[in-house]
Every structure is written in structure tokens, then in C-alpha cells.
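Asks: Hey, dropping input-v1.cif in here, mmCIF, C-alpha atoms, pLDDT in the B column; chains and numbers go by the auth columns:
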data_structure
loop_
_atom_site.group_PDB
_atom_site.id
_atom_site.type_symbol
_atom_site.label_atom_id
_atom_site.label_comp_id
_atom_site.label_asym_id
_atom_site.label_seq_id
_atom_site.Cartn_x
_atom_site.Cartn_y
_atom_site.Cartn_z
_atom_site.B_iso_or_equiv
_atom_site.auth_seq_id
_atom_site.auth_asym_id
ATOM 1 C CA LYS A 1 -72.191 -25.557 206.786 57.00 1485 U
ATOM 2 C CA GLN A 2 -71.662 -25.713 203.048 57.00 1486 U
ATOM 3 C CA ARG A 3 -71.559 -28.986 201.260 55.00 1487 U
ATOM 4 C CA ALA A 4 -68.790 -29.747 198.831 51.00 1488 U
ATOM 5 C CA ALA A 5 -69.895 -29.716 195.224 49.00 1489 U
ATOM 6 C CA ARG A 6 -70.433 -33.185 193.847 49.00 1490 U
ATOM 7 C CA CYS A 7 -68.887 -34.085 190.556 44.00 1491 U
ATOM 8 C CA THR A 8 -70.824 -36.167 188.141 46.00 1492 U
ATOM 9 C CA PRO A 9 -68.620 -39.049 187.133 46.00 1493 U
ATOM 10 C CA LYS A 10 -67.663 -39.219 183.490 48.00 1494 U
ATOM 11 C CA PRO A 11 -69.089 -42.147 181.592 51.00 1495 U
ATOM 12 C CA SER A 12 -66.695 -45.033 181.737 51.00 1496 U
ATOM 13 C CA SER A 13 -64.459 -45.452 178.772 57.00 1497 U
ATOM 14 C CA ALA A 14 -65.372 -49.144 178.746 57.00 1498 U
ATOM 15 C CA ALA A 15 -69.058 -48.289 178.228 55.00 1499 U
ATOM 16 C CA SER A 16 -68.099 -45.818 175.537 55.00 1500 U
ATOM 17 C CA ASP A 17 -65.987 -48.469 173.798 53.00 1501 U
ATOM 18 C CA VAL A 18 -68.884 -50.945 173.885 49.00 1502 U
ATOM 19 C CA TYR A 19 -71.192 -48.339 172.320 47.00 1503 U
ATOM 20 C CA LYS A 20 -68.646 -47.551 169.603 47.00 1504 U
ATOM 21 C CA ARG A 21 -68.163 -51.261 168.903 49.00 1505 U
ATOM 22 C CA GLN A 22 -71.954 -51.821 168.670 45.00 1506 U
ATOM 23 C CA GLU A 23 -72.281 -48.849 166.328 46.00 1507 U
ATOM 24 C CA TYR A 24 -69.411 -50.175 164.186 42.00 1508 U
ATOM 25 C CA MET A 25 -70.919 -53.689 164.165 40.00 1509 U
ATOM 26 C CA GLY A 26 -74.267 -52.230 163.095 44.00 1510 U
ATOM 27 C CA ILE A 27 -72.587 -50.510 160.166 43.00 1511 U
ATOM 28 C CA GLN A 28 -70.748 -53.717 159.300 47.00 1512 U
ATOM 29 C CA LEU A 29 -74.011 -55.698 159.380 46.00 1513 U
ATOM 30 C CA MET A 30 -75.685 -53.190 157.063 53.00 1514 U
ATOM 31 C CA GLU A 31 -72.762 -53.436 154.643 58.00 1515 U
ATOM 32 C CA LYS A 32 -72.871 -57.237 154.734 73.00 1516 U
ATOM 33 C CA ALA A 33 -76.599 -57.191 153.929 82.00 1517 U
ATOM 34 C CA TYR A 34 -75.771 -56.184 150.339 86.00 1518 U
ATOM 35 C CA ILE A 35 -73.005 -58.744 149.821 90.00 1519 U
ATOM 36 C CA GLY A 36 -74.086 -61.798 147.864 93.00 1520 U
ATOM 37 C CA GLN A 37 -75.780 -62.763 144.613 95.00 1521 U
ATOM 38 C CA TRP A 38 -78.631 -60.779 143.093 96.00 1522 U
ATOM 39 C CA LYS A 39 -80.534 -62.176 140.086 96.00 1523 U
ATOM 40 C CA ASN A 40 -82.776 -60.217 137.718 96.00 1524 U
ATOM 41 C CA GLU A 41 -85.751 -61.281 135.612 95.00 1525 U
ATOM 42 C CA LEU A 42 -83.410 -62.109 132.675 92.00 1526 U
ATOM 43 C CA ASN A 43 -81.272 -64.408 134.875 92.00 1527 U
ATOM 44 C CA SER A 44 -78.341 -61.994 134.865 93.00 1528 U
ATOM 45 C CA ILE A 45 -76.415 -62.130 138.131 94.00 1529 U
ATOM 46 C CA ILE A 46 -74.620 -59.410 140.039 95.00 1530 U
ATOM 47 C CA LYS A 47 -72.297 -60.688 142.762 96.00 1531 U
ATOM 48 C CA ILE A 48 -71.451 -57.997 145.303 94.00 1532 U
ATOM 49 C CA ASP A 49 -68.226 -59.176 146.942 93.00 1533 U
ATOM 50 C CA ALA A 50 -67.366 -56.115 149.029 91.00 1534 U
ATOM 51 C CA CYS A 51 -69.011 -53.038 150.523 89.00 1535 U
ATOM 52 C CA THR A 52 -66.802 -50.537 152.337 88.00 1536 U
ATOM 53 C CA PRO A 53 -67.986 -48.266 155.194 86.00 1537 U
ATOM 54 C CA ASP A 54 -68.105 -45.330 152.755 89.00 1538 U
ATOM 55 C CA GLY A 55 -70.455 -47.265 150.430 91.00 1539 U
ATOM 56 C CA LYS A 56 -68.109 -48.408 147.650 94.00 1540 U
ATOM 57 C CA ILE A 57 -69.078 -51.770 146.203 94.00 1541 U
ATOM 58 C CA SER A 58 -67.219 -54.179 143.969 95.00 1542 U
ATOM 59 C CA GLY A 59 -67.950 -57.542 142.453 96.00 1543 U
ATOM 60 C CA THR A 60 -68.896 -59.141 139.147 96.00 1544 U
ATOM 61 C CA PHE A 61 -71.777 -59.235 136.686 95.00 1545 U
ATOM 62 C CA SER A 62 -72.650 -62.136 134.405 93.00 1546 U
ATOM 63 C CA SER A 63 -75.334 -62.281 131.747 89.00 1547 U
ATOM 64 C CA THR A 64 -76.472 -64.435 128.859 79.00 1548 U
ATOM 65 C CA ILE A 65 -77.973 -61.584 126.835 81.00 1549 U
ATOM 66 C CA GLY A 66 -76.685 -58.599 124.893 75.00 1550 U
ATOM 67 C CA GLU A 67 -72.967 -58.148 124.391 70.00 1551 U
ATOM 68 C CA ALA A 68 -72.021 -60.332 127.355 73.00 1552 U
ATOM 69 C CA ILE A 69 -70.179 -63.548 126.689 75.00 1553 U
ATOM 70 C CA SER A 70 -72.194 -66.284 128.360 75.00 1554 U
ATOM 71 C CA GLY A 71 -70.503 -67.452 131.559 78.00 1555 U
ATOM 72 C CA LYS A 72 -67.974 -64.597 131.616 89.00 1556 U
ATOM 73 C CA GLU A 73 -67.926 -62.471 134.770 93.00 1557 U
ATOM 74 C CA TYR A 74 -67.362 -58.757 134.165 93.00 1558 U
ATOM 75 C CA PRO A 75 -66.075 -56.564 137.019 96.00 1559 U
ATOM 76 C CA ILE A 76 -68.451 -54.011 138.548 96.00 1560 U
ATOM 77 C CA ILE A 77 -67.785 -50.893 140.553 95.00 1561 U
ATOM 78 C CA GLY A 78 -70.426 -48.839 142.304 96.00 1562 U
ATOM 79 C CA LEU A 79 -71.765 -47.021 145.325 95.00 1563 U
ATOM 80 C CA ILE A 80 -74.494 -47.451 147.908 93.00 1564 U
ATOM 81 C CA SER A 81 -75.884 -44.211 149.350 92.00 1565 U
ATOM 82 C CA HIS A 82 -75.087 -43.166 152.928 87.00 1566 U
ATOM 83 C CA ASP A 83 -78.676 -43.915 153.996 88.00 1567 U
ATOM 84 C CA LYS A 84 -78.282 -47.420 152.430 87.00 1568 U
ATOM 85 C CA LYS A 85 -81.410 -46.970 150.294 92.00 1569 U
ATOM 86 C CA MET A 86 -79.963 -46.304 146.811 95.00 1570 U
ATOM 87 C CA ILE A 87 -77.397 -48.024 144.598 96.00 1571 U
ATOM 88 C CA THR A 88 -75.486 -47.360 141.395 97.00 1572 U
ATOM 89 C CA PHE A 89 -73.038 -49.640 139.602 97.00 1573 U
ATOM 90 C CA SER A 90 -71.406 -49.953 136.181 97.00 1574 U
ATOM 91 C CA VAL A 91 -70.079 -52.728 133.954 95.00 1575 U
ATOM 92 C CA LEU A 92 -67.499 -52.226 131.218 92.00 1576 U
ATOM 93 C CA TRP A 93 -68.267 -54.807 128.523 87.00 1577 U
ATOM 94 C CA ASP A 94 -66.010 -55.503 125.551 84.00 1578 U
ATOM 95 C CA THR A 95 -67.287 -52.608 123.362 83.00 1579 U
ATOM 96 C CA SER A 96 -69.834 -50.797 125.566 86.00 1580 U
ATOM 97 C CA ILE A 97 -70.578 -49.704 129.118 91.00 1581 U
ATOM 98 C CA THR A 98 -73.796 -50.089 131.119 94.00 1582 U
ATOM 99 C CA SER A 99 -74.726 -48.206 134.279 96.00 1583 U
ATOM 100 C CA TRP A 100 -77.567 -49.029 136.664 97.00 1584 U
ATOM 101 C CA ILE A 101 -79.139 -46.712 139.232 98.00 1585 U
ATOM 102 C CA GLY A 102 -81.860 -47.740 141.627 97.00 1586 U
ATOM 103 C CA TYR A 103 -83.125 -48.289 145.134 96.00 1587 U
ATOM 104 C CA PHE A 104 -83.746 -51.115 147.584 94.00 1588 U
ATOM 105 C CA SER A 105 -87.505 -51.610 147.839 93.00 1589 U
ATOM 106 C CA SER A 106 -86.867 -54.213 150.566 91.00 1590 U
ATOM 107 C CA PRO A 107 -83.794 -55.953 152.034 89.00 1591 U
ATOM 108 C CA THR A 108 -83.993 -58.546 149.232 93.00 1592 U
ATOM 109 C CA LYS A 109 -85.340 -56.449 146.306 95.00 1593 U
ATOM 110 C CA MET A 110 -83.486 -53.925 144.152 95.00 1594 U
ATOM 111 C CA GLU A 111 -85.319 -51.919 141.471 97.00 1595 U
ATOM 112 C CA THR A 112 -83.078 -50.319 138.848 97.00 1596 U
ATOM 113 C CA SER A 113 -83.082 -48.454 135.573 97.00 1597 U
ATOM 114 C CA TRP A 114 -80.107 -48.749 133.246 96.00 1598 U
ATOM 115 C CA THR A 115 -78.530 -47.133 130.245 94.00 1599 U
ATOM 116 C CA SER A 116 -75.990 -48.729 127.931 92.00 1600 U
ATOM 117 C CA GLN A 117 -73.713 -46.947 125.500 89.00 1601 U
ATOM 118 C CA ARG A 118 -71.688 -48.454 122.653 83.00 1602 U
ATOM 119 C CA ALA A 119 -68.268 -46.960 122.080 73.00 1603 U
ATOM 120 C CA THR A 120 -68.671 -46.628 118.316 70.00 1604 U
ATOM 121 C CA THR A 121 -71.675 -44.326 117.939 68.00 1605 U
ATOM 122 C CA TRP A 122 -74.193 -42.242 119.888 67.00 1606 U
ATOM 123 C CA ASP A 123 -76.910 -44.212 118.083 71.00 1607 U
ATOM 124 C CA GLY A 124 -75.929 -47.247 120.136 74.00 1608 U
ATOM 125 C CA LYS A 125 -77.685 -46.100 123.317 85.00 1609 U
ATOM 126 C CA LEU A 126 -80.144 -48.464 125.036 88.00 1610 U
ATOM 127 C CA MET A 127 -82.233 -47.986 128.185 93.00 1611 U
ATOM 128 C CA GLY A 128 -84.357 -50.242 130.353 95.00 1612 U
ATOM 129 C CA MET A 129 -85.319 -51.473 133.805 97.00 1613 U
ATOM 130 C CA ASN A 130 -84.278 -54.484 135.888 96.00 1614 U
ATOM 131 C CA TYR A 131 -85.611 -55.935 139.113 97.00 1615 U
ATOM 132 C CA PHE A 132 -83.012 -57.846 141.135 97.00 1616 U
ATOM 133 C CA THR A 133 -83.780 -60.312 143.938 96.00 1617 U
ATOM 134 C CA LYS A 134 -81.165 -61.362 146.461 96.00 1618 U
ATOM 135 C CA GLN A 135 -80.487 -65.081 146.211 94.00 1619 U
ATOM 136 C CA GLN A 136 -80.562 -66.968 149.484 85.00 1620 U
ATOM 137 C CA LYS A 137 -77.902 -69.549 150.190 72.00 1621 U
ATOM 138 C CA SER A 138 -79.457 -72.969 150.013 60.00 1622 U
ATOM 139 C CA SER A 139 -79.123 -75.173 153.037 58.00 1623 U
ATOM 140 C CA VAL A 140 -77.557 -78.622 152.851 58.00 1624 U
ATOM 141 C CA SER A 141 -78.962 -81.574 154.737 63.00 1625 U
ATOM 142 C CA TYR A 142 -76.982 -83.415 157.402 68.00 1626 U
ATOM 143 C CA THR A 143 -77.310 -86.601 155.303 70.00 1627 U
ATOM 144 C CA HIS A 144 -75.795 -84.815 152.308 62.00 1628 U
ATOM 145 C CA LEU A 145 -72.882 -83.599 154.424 66.00 1629 U
ATOM 146 C CA ARG A 146 -72.310 -87.115 155.762 70.00 1630 U
ATOM 147 C CA ALA A 147 -72.267 -88.483 152.200 71.00 1631 U
ATOM 148 C CA HIS A 148 -69.256 -86.271 151.422 70.00 1632 U
ATOM 149 C CA GLU A 149 -67.491 -86.863 154.727 74.00 1633 U
ATOM 150 C CA THR A 150 -63.753 -87.607 154.461 79.00 1634 U
ATOM 151 C CA ARG A 151 -61.865 -90.021 156.712 77.00 1635 U
ATOM 152 C CA GLU A 152 -60.488 -87.019 158.683 74.00 1636 U
ATOM 153 C CA ASP A 153 -64.000 -85.554 159.055 73.00 1637 U
ATOM 154 C CA LEU A 154 -65.285 -88.894 160.334 74.00 1638 U
ATOM 155 C CA VAL A 155 -62.556 -89.174 162.984 73.00 1639 U
ATOM 156 C CA CYS A 156 -63.165 -85.593 164.102 74.00 1640 U
ATOM 157 C CA ARG A 157 -66.971 -86.088 164.259 73.00 1641 U
ATOM 158 C CA LEU A 158 -66.669 -89.331 166.242 77.00 1642 U
ATOM 159 C CA LEU A 159 -64.282 -87.700 168.727 74.00 1643 U
ATOM 160 C CA LEU A 160 -66.670 -84.779 169.184 73.00 1644 U
ATOM 161 C CA GLU A 161 -69.674 -87.086 169.630 75.00 1645 U
ATOM 162 C CA LYS A 162 -67.851 -88.922 172.441 71.00 1646 U
ATOM 163 C CA LYS A 163 -67.724 -85.780 174.590 61.00 1647 U
#
Once you've parsed the file, please lay out its structure as C-alpha cells.
Replies:
Amino acid sequence: KQRAARCTPKPSSAASDVYKRQEYMGIQLMEKAYIGQWKNELNSIIKIDACTPDGKISGTFSSTIGEAISGKEYPIIGLISHDKKMITFSVLWDTSITSWIGYFSSPTKMETSWTSQRATTWDGKLMGMNYFTKQQKSSVSYTHLRAHETREDLVCRLLLEKK
């Protein structure tokens, strides 16, 4: 007697969907790791607001030195490499442009070199280095939150505490 050939069942589409979702979530988490405020040794701040799956970043840059108007946020555009280890971004000031290129030495450290060019002359070129550190969101105490509690917040909190 011959046995009938056994078919190996195909992996379930549900399992495949879970894997794809986990892979997508992993990519999303990596992209979100770069979003936030980064401050350099001169107290200039880059705020990365968005990072797309293909590595495009956008946000703002503010500085108190050079051509920057103190307190003004200048738009940035840039890219993060596919391996998520390198970064480049540029700022268009009022009469010059500056571009940074660098790498992430850790999840919270970015080491960059930059070049700046004035629009009026080739003599107006400057170069340097910056070290950016990701700023952590500060936590707020429960007492502080209670101090700013509105009447609606109080009602909601008391109803929740009853449960």
C-alpha cells in the first residue's frame, strides 16, 4: 500500500499579518526614537517633528548665535540613513544656509560636523562640529497636576476613584 502524500500546511495568514505588524511597529518605534528635542553644547535646539519610513525628517532649529534671530524657529529638512545610524539636515537662515552631517553615537547622542555658506560671497564659508544630546521630557509630580486641576478634572477623578 502507498500512502497519500502529505501536504505541509501553509503558514496562516493571521500569523503572517502579526509578523508584518510587528515588523512595521518596530520600524515605527525606530522612527519615533529620533523625534523630539536635541540640544547642542551652544544651547541650540533642533526639534525633529516627523520621521517617515523612508528616513525623511522635518522640524525646526533655533539658536542664539550666528545669524539666527534669538527665539525664531527655522525649518529643517533632512534624512536619516536606512540603517538608522547617520543623519543629515539643513537650515535656510535669512542670508545663509547651514548643513549638518553626522552619526548617532548612542540613542541619545548625535555627533555632527557642519558647514555654513553665506549667499553673498564664497569667502563667507564656516565649518565646525556640534554634539547634540536628546532632551528627555521632564516628569510632573502628582501634586503639581492636582494644583492645576480644573473643576471638570476633579469631578472626573472623584468618579474614577469611586470605582
Asks: Can you translate the PyMOL selection byres ((chain U and resi 1597) around 7) into the concrete residues it hits in this file, as number ranges by chain?
Replies: U: 1584-1586, 1596, 1598, 1612-1614
Asks: Counting all atoms listed in the file, which residues sit no farther than 9 Å from the position (-68.8, -52.5, 151.0) in the file's frame? I'd like them as a compact mmCIF listing (two decimals) with C-alpha atoms, in the frame of the given file.
Replies:
# COMPACT_ATOMS: atom_id res chain seq x y z
CA GLN U 1512 -70.75 -53.72 159.30
CA GLU U 1515 -72.76 -53.44 154.64
CA LYS U 1516 -72.87 -57.24 154.73
CA TYR U 1518 -75.77 -56.18 150.34
CA ILE U 1519 -73.00 -58.74 149.82
CA ILE U 1532 -71.45 -58.00 145.30
CA ASP U 1533 -68.23 -59.18 146.94
CA ALA U 1534 -67.37 -56.12 149.03
CA CYS U 1535 -69.01 -53.04 150.52
CA THR U 1536 -66.80 -50.54 152.34
CA PRO U 1537 -67.99 -48.27 155.19
CA ASP U 1538 -68.10 -45.33 152.76
CA GLY U 1539 -70.46 -47.26 150.43
CA LYS U 1540 -68.11 -48.41 147.65
CA ILE U 1541 -69.08 -51.77 146.20
CA SER U 1542 -67.22 -54.18 143.97
CA LEU U 1563 -71.76 -47.02 145.32
CA ILE U 1564 -74.49 -47.45 147.91
Asks: Just want the 6 Å neighbourhood of U:Phe1573, counted on all atoms listed in the file, with same-chain residues fewer than 5 positions away dropped. Output as a ChimeraX atom specification.
Replies: /U:1561-1562,1583-1584
Asks: Could you state which residues are captured by the PyMOL selection byres ((chain U and resi 1556) around 12) in this file, as a ChimeraX atom specification?
Replies: /U:1528-1530,1544-1549,1551-1555,1557-1559,1577-1578
Asks: Those selected residues, please, written with C-alpha atoms and delivered as an mmCIF file, keeping the file's coordinate frame.
Replies:
data_model
loop_
_atom_site.group_PDB
_atom_site.id
_atom_site.type_symbol
_atom_site.label_atom_id
_atom_site.label_comp_id
_atom_site.auth_asym_id
_atom_site.auth_seq_id
_atom_site.Cartn_x
_atom_site.Cartn_y
_atom_site.Cartn_z
ATOM 1 C CA SER U 1528 -78.341 -61.994 134.865
ATOM 2 C CA ILE U 1529 -76.415 -62.130 138.131
ATOM 3 C CA ILE U 1530 -74.620 -59.410 140.039
ATOM 4 C CA THR U 1544 -68.896 -59.141 139.147
ATOM 5 C CA PHE U 1545 -71.777 -59.235 136.686
ATOM 6 C CA SER U 1546 -72.650 -62.136 134.405
ATOM 7 C CA SER U 1547 -75.334 -62.281 131.747
ATOM 8 C CA THR U 1548 -76.472 -64.435 128.859
ATOM 9 C CA ILE U 1549 -77.973 -61.584 126.835
ATOM 10 C CA GLU U 1551 -72.967 -58.148 124.391
ATOM 11 C CA ALA U 1552 -72.021 -60.332 127.355
ATOM 12 C CA ILE U 1553 -70.179 -63.548 126.689
ATOM 13 C CA SER U 1554 -72.194 -66.284 128.360
ATOM 14 C CA GLY U 1555 -70.503 -67.452 131.559
ATOM 15 C CA GLU U 1557 -67.926 -62.471 134.770
ATOM 16 C CA TYR U 1558 -67.362 -58.757 134.165
ATOM 17 C CA PRO U 1559 -66.075 -56.564 137.019
ATOM 18 C CA TRP U 1577 -68.267 -54.807 128.523
ATOM 19 C CA ASP U 1578 -66.010 -55.503 125.551
#
Asks: My list of candidates is U:Gln1620, U:Ser1600, U:Thr1579, U:Ser1574. Which is closest to U:Ala1517 when distances are computed with all atoms listed in the file?
Replies: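 The answer is U:Gln1620, which sits nearest to U:Ala1517.
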Asks: Quick check, in Å to one decimal: how far apart do atom CA of U:Val1575 and atom CA of U:Lys1621 lie?
Replies: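 Between atom CA of U:Val1575 and atom CA of U:Lys1621 the gap works out to 24.7 Å.
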Asks: How many Å lie between atom CA of U:Lys1609 and atom CA of U:Ile1560, rounded to one decimal?
Replies: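 Between atom CA of U:Lys1609 and atom CA of U:Ile1560 the gap works out to 19.5 Å.
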Asks: Would you please work out which residue, of U:Asn1527, U:Gln1521, U:Leu1644, U:Tyr1587, is nearest to U:Thr1572 when using all atoms listed in the file?
Replies: U:Tyr1587
Asks: U:Ser1589: which residues within 12 Å, counting only C-alpha atoms, same-chain residues fewer than 6 positions away excluded, as JSON, numbers by chain?
Replies: {"U": [1568, 1569, 1570, 1571, 1595, 1596, 1615, 1616, 1617, 1618]}
Asks: In Å, how far is it from atom CA of U:Arg1602 to atom CA of U:Trp1522?
Replies: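 Here the two named atoms are 24.9 Å from each other.
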Asks: Assuming 4 Å of padding per side, give the centre and edge lengths of the axis-aligned box around every listed atom of stretch 1519-1530 of chain U, in Å to one decimal and as AutoDock Vina command-line options.
Replies:
--center_x -79.4 --center_y -61.6 --center_z 141.2 --size_x 20.7 --size_y 13.7 --size_z 25.1
